[in-house]
Amino acid sequence: MKGKKIIAAAGVSAMLALTSCKENMIMSPPDLSGNIEMKGTVSCGTLKAEAEIKRTDGTWTILYTAPDSLCGMEIVTDGTECKVTHSGIAFDYKNEDVPFITAVDYITASIDSTKDAANISLSQNGNGTTLSGSVLSSGFQIVLDKEQNIVSLSAGDYKFTAVKNDKEES
């Protein structure tokens, strides 16, 4: 009888230890599900382009502002259909019909995938939060500042670096 009481007491103590401070230590993922607006550089190796990226009500709009060859190109996608407009020419397609993955796909899918907290890992430091996970058969990493703004994103061979007030974030 005395042994059962000791085991029960040990069990209760273990449960209390697991539930007391643990909840305060678990990081909840930042909410990146709403509307987003950011400017920055999209790069792949030595290729670079400037872009304005927005998500409004689940629809992404990417407007390239540099270099001159891409300036004015607009891509609008909801994840299943896409419309590309450039120099007065528009092209509509279903995402599944394209046999390759673009920078736009990696950037938008990485951000969209953060709503499934079970599939991402978080780390925090004094400067902000880093979210890591996998999307489109590739790993991704999103770095947020203290205010939960996206500072950088890398996925596949692509990287997005945010510009805030005409200065690149570091």
# chains A, B, ... in the order shown; residues from 1 in each chain; ligands from 1
>>> select_by_dssp(residues="range 1-163 of chain A", states="alpha helix (DSSP H)", output="PyMOL selection string")
chain A and resi 2-20+22-25+103-113
>>> residues_around(residues="Ala103 in chain A", least_positions_apart="5", cutoff="10 Å", atoms="only C-alpha atoms", output="list in words")
Val42, Ser43, Cys44, Thr108, Ala109, Ser154, Ala155, Gly156, Asp157, Tyr158, Lys159 and Phe160 of chain A
>>> closest_residue(among="A:Val76, A:Ile111, A:Leu144, A:Leu47", to="Gly126 in chain A", atoms="only C-alpha atoms")
A:Leu144
>>> residues_around(residues="Val84 in chain A", least_positions_apart="4", cutoff="9 Å", atoms="only C-alpha atoms", output="PyMOL selection string")
chain A and resi 73-77+89-93
>>> write_last_selection(atoms="N, CA, C and O atoms", output="mmCIF file, in the first residue's frame")
data_model
loop_
_atom_site.group_PDB
_atom_site.id
_atom_site.type_symbol
_atom_site.label_atom_id
_atom_site.label_comp_id
_atom_site.auth_asym_id
_atom_site.auth_seq_id
_atom_site.Cartn_x
_atom_site.Cartn_y
_atom_site.Cartn_z
ATOM 1 N N MET A 73 6.535 44.081 -64.770
ATOM 2 C CA MET A 73 5.940 42.746 -64.829
ATOM 3 C C MET A 73 5.171 42.511 -63.537
ATOM 4 O O MET A 73 5.690 42.718 -62.447
ATOM 5 N N GLU A 74 3.916 42.104 -63.685
ATOM 6 C CA GLU A 74 3.076 41.829 -62.526
ATOM 7 C C GLU A 74 2.592 40.393 -62.579
ATOM 8 O O GLU A 74 2.136 39.924 -63.619
ATOM 9 N N ILE A 75 2.715 39.719 -61.455
ATOM 10 C CA ILE A 75 2.257 38.339 -61.331
ATOM 11 C C ILE A 75 1.205 38.318 -60.232
ATOM 12 O O ILE A 75 1.448 38.786 -59.121
ATOM 13 N N VAL A 76 0.030 37.784 -60.548
ATOM 14 C CA VAL A 76 -1.058 37.678 -59.582
ATOM 15 C C VAL A 76 -1.440 36.205 -59.497
ATOM 16 O O VAL A 76 -1.729 35.577 -60.522
ATOM 17 N N THR A 77 -1.409 35.659 -58.264
ATOM 18 C CA THR A 77 -1.723 34.242 -58.096
ATOM 19 C C THR A 77 -2.483 34.000 -56.799
ATOM 20 O O THR A 77 -2.249 34.675 -55.803
ATOM 21 N N ILE A 89 1.012 42.632 -72.439
ATOM 22 C CA ILE A 89 0.697 41.243 -72.780
ATOM 23 C C ILE A 89 0.338 40.513 -71.491
ATOM 24 O O ILE A 89 1.041 40.609 -70.493
ATOM 25 N N ALA A 90 -0.768 39.767 -71.530
ATOM 26 C CA ALA A 90 -1.201 39.010 -70.356
ATOM 27 C C ALA A 90 -1.231 37.530 -70.692
ATOM 28 O O ALA A 90 -1.588 37.136 -71.808
ATOM 29 N N PHE A 91 -0.834 36.730 -69.707
ATOM 30 C CA PHE A 91 -0.813 35.286 -69.883
ATOM 31 C C PHE A 91 -1.417 34.654 -68.635
ATOM 32 O O PHE A 91 -0.965 34.916 -67.523
ATOM 33 N N ASP A 92 -2.468 33.857 -68.814
ATOM 34 C CA ASP A 92 -3.128 33.156 -67.708
ATOM 35 C C ASP A 92 -2.779 31.677 -67.768
ATOM 36 O O ASP A 92 -2.740 31.091 -68.861
ATOM 37 N N TYR A 93 -2.551 31.070 -66.605
ATOM 38 C CA TYR A 93 -2.295 29.635 -66.563
ATOM 39 C C TYR A 93 -2.629 29.084 -65.189
ATOM 40 O O TYR A 93 -2.742 29.821 -64.214
#
>>> closest_residue(among="A:Ser132, A:Ser28, A:Asn149, A:Ser69", to="Ser87 in chain A", atoms="only C-alpha atoms")
A:Ser69
>>> closest_residue(among="A:Asp105, A:Glu96, A:Asp68, A:Asp78", to="Thr56 in chain A", atoms="only C-alpha atoms")
A:Asp78
>>> select_by_dssp(residues="range 1-165 of chain A", states="strand (DSSP E or B)", output="JSON, numbers by chain")
{"A": [36, 37, 38, 39, 40, 41, 42, 43, 44, 47, 48, 49, 50, 51, 52, 53, 54, 55, 56, 59, 60, 61, 62, 63, 64, 65, 66, 74, 75, 76, 77, 81, 82, 83, 84, 85, 86, 89, 90, 91, 92, 93, 94, 121, 122, 123, 124, 125, 128, 129, 130, 131, 132, 133, 134, 135, 138, 139, 140, 141, 142, 143, 144, 145, 150, 151, 152, 153, 154, 155, 158, 159, 160, 161, 162, 163, 164]}
>>> closest_residue(among="A:Thr161, A:Thr41, A:Thr85, A:Asn127", to="Lys146 in chain A", atoms="only C-alpha atoms")
A:Asn127
>>> residues_around(residues="Val163 in chain A", least_positions_apart="5", cutoff="12 Å", atoms="only C-alpha atoms", output="list in words")
Glu37, Met38, Lys39, Gly40, Thr41, Val42, Glu50, Ala51, Glu52, Ile53, Asn149, Ile150, Val151, Ser152, Glu168, Glu169 and Ser170 of chain A
>>> residues_around(residues="Thr129 in chain A", least_positions_apart="4", cutoff="6 Å", atoms="only C-alpha atoms", output="list in words")
Ser123, Gln124, Val143 and Leu144 of chain A
>>> atom_distance(atom1="CA of Lys48 in chain A", atom2="CA of Asp31 in chain A")
28.4 Å
>>> decode(residues="range 48-60 of chain A", atoms="all heavy atoms", output="short mmCIF file (atom, residue, chain, number, x, y, z; two decimals), in the first residue's frame")
data_model
loop_
_atom_site.label_atom_id
_atom_site.label_comp_id
_atom_site.auth_asym_id
_atom_site.auth_seq_id
_atom_site.Cartn_x
_atom_site.Cartn_y
_atom_site.Cartn_z
N LYS A 48 19.54 39.30 -59.80
CA LYS A 48 18.77 40.04 -58.80
C LYS A 48 17.68 40.85 -59.46
O LYS A 48 17.85 41.36 -60.55
CB LYS A 48 19.69 40.99 -58.02
CG LYS A 48 20.68 40.28 -57.16
CD LYS A 48 21.49 41.24 -56.34
CE LYS A 48 22.45 40.44 -55.48
NZ LYS A 48 23.13 41.22 -54.50
N ALA A 49 16.57 40.97 -58.74
CA ALA A 49 15.46 41.80 -59.21
C ALA A 49 14.82 42.45 -57.98
O ALA A 49 14.81 41.88 -56.90
CB ALA A 49 14.43 40.96 -59.95
N GLU A 50 14.32 43.65 -58.18
CA GLU A 50 13.60 44.36 -57.12
C GLU A 50 12.11 44.09 -57.31
O GLU A 50 11.62 44.07 -58.44
CB GLU A 50 13.87 45.86 -57.19
CG GLU A 50 15.33 46.24 -57.08
CD GLU A 50 15.97 45.83 -55.77
OE1 GLU A 50 15.31 46.01 -54.71
OE2 GLU A 50 17.09 45.32 -55.79
N ALA A 51 11.41 43.88 -56.19
CA ALA A 51 9.99 43.56 -56.30
C ALA A 51 9.21 44.10 -55.11
O ALA A 51 9.74 44.26 -54.02
CB ALA A 51 9.81 42.04 -56.37
N GLU A 52 7.94 44.36 -55.37
CA GLU A 52 6.97 44.68 -54.33
C GLU A 52 6.05 43.47 -54.26
O GLU A 52 5.50 43.04 -55.27
CB GLU A 52 6.18 45.94 -54.70
CG GLU A 52 7.04 47.17 -54.78
CD GLU A 52 6.29 48.39 -55.29
OE1 GLU A 52 5.06 48.30 -55.53
OE2 GLU A 52 6.95 49.43 -55.46
N ILE A 53 5.91 42.91 -53.08
CA ILE A 53 5.14 41.68 -52.89
C ILE A 53 4.02 41.95 -51.91
O ILE A 53 4.25 42.49 -50.83
CB ILE A 53 6.05 40.55 -52.37
CG1 ILE A 53 7.20 40.31 -53.37
CG2 ILE A 53 5.26 39.28 -52.13
CD1 ILE A 53 8.27 39.36 -52.86
N LYS A 54 2.79 41.59 -52.31
CA LYS A 54 1.62 41.81 -51.45
C LYS A 54 0.74 40.57 -51.43
O LYS A 54 0.61 39.89 -52.46
CB LYS A 54 0.75 42.94 -51.99
CG LYS A 54 1.30 44.30 -51.88
CD LYS A 54 0.20 45.31 -52.16
CE LYS A 54 0.50 46.07 -53.42
NZ LYS A 54 -0.49 47.09 -53.70
N ARG A 55 0.13 40.32 -50.29
CA ARG A 55 -0.94 39.33 -50.23
C ARG A 55 -2.15 40.07 -49.66
O ARG A 55 -2.09 40.64 -48.57
CB ARG A 55 -0.60 38.15 -49.32
CG ARG A 55 -1.77 37.13 -49.29
CD ARG A 55 -1.49 35.90 -48.48
NE ARG A 55 -1.19 36.27 -47.11
CZ ARG A 55 -0.47 35.52 -46.28
NH1 ARG A 55 0.02 34.37 -46.67
NH2 ARG A 55 -0.24 35.93 -45.05
N THR A 56 -3.22 40.07 -50.43
CA THR A 56 -4.46 40.70 -50.03
C THR A 56 -5.57 39.67 -50.16
O THR A 56 -5.80 39.16 -51.26
CB THR A 56 -4.77 41.93 -50.91
OG1 THR A 56 -3.64 42.80 -50.90
CG2 THR A 56 -6.00 42.67 -50.42
N ASP A 57 -6.21 39.37 -49.04
CA ASP A 57 -7.32 38.41 -49.02
C ASP A 57 -6.96 37.10 -49.70
O ASP A 57 -7.75 36.53 -50.46
CB ASP A 57 -8.57 39.02 -49.65
CG ASP A 57 -9.05 40.26 -48.91
OD1 ASP A 57 -8.84 40.32 -47.68
OD2 ASP A 57 -9.60 41.17 -49.55
N GLY A 58 -5.74 36.61 -49.47
CA GLY A 58 -5.30 35.32 -49.99
C GLY A 58 -4.75 35.34 -51.40
O GLY A 58 -4.31 34.31 -51.91
N THR A 59 -4.76 36.48 -52.05
CA THR A 59 -4.22 36.59 -53.41
C THR A 59 -2.90 37.35 -53.37
O THR A 59 -2.81 38.43 -52.79
CB THR A 59 -5.21 37.31 -54.35
OG1 THR A 59 -6.42 36.55 -54.41
CG2 THR A 59 -4.64 37.47 -55.74
N TRP A 60 -1.89 36.75 -53.98
CA TRP A 60 -0.55 37.36 -54.03
C TRP A 60 -0.39 38.19 -55.29
O TRP A 60 -0.80 37.78 -56.38
CB TRP A 60 0.51 36.27 -54.03
CG TRP A 60 0.67 35.58 -52.72
CD1 TRP A 60 0.09 34.39 -52.34
CD2 TRP A 60 1.47 36.00 -51.62
NE1 TRP A 60 0.48 34.07 -51.06
CE2 TRP A 60 1.33 35.04 -50.61
CE3 TRP A 60 2.29 37.11 -51.41
CZ2 TRP A 60 1.99 35.16 -49.39
CZ3 TRP A 60 2.94 37.22 -50.19
CH2 TRP A 60 2.79 36.25 -49.20
#
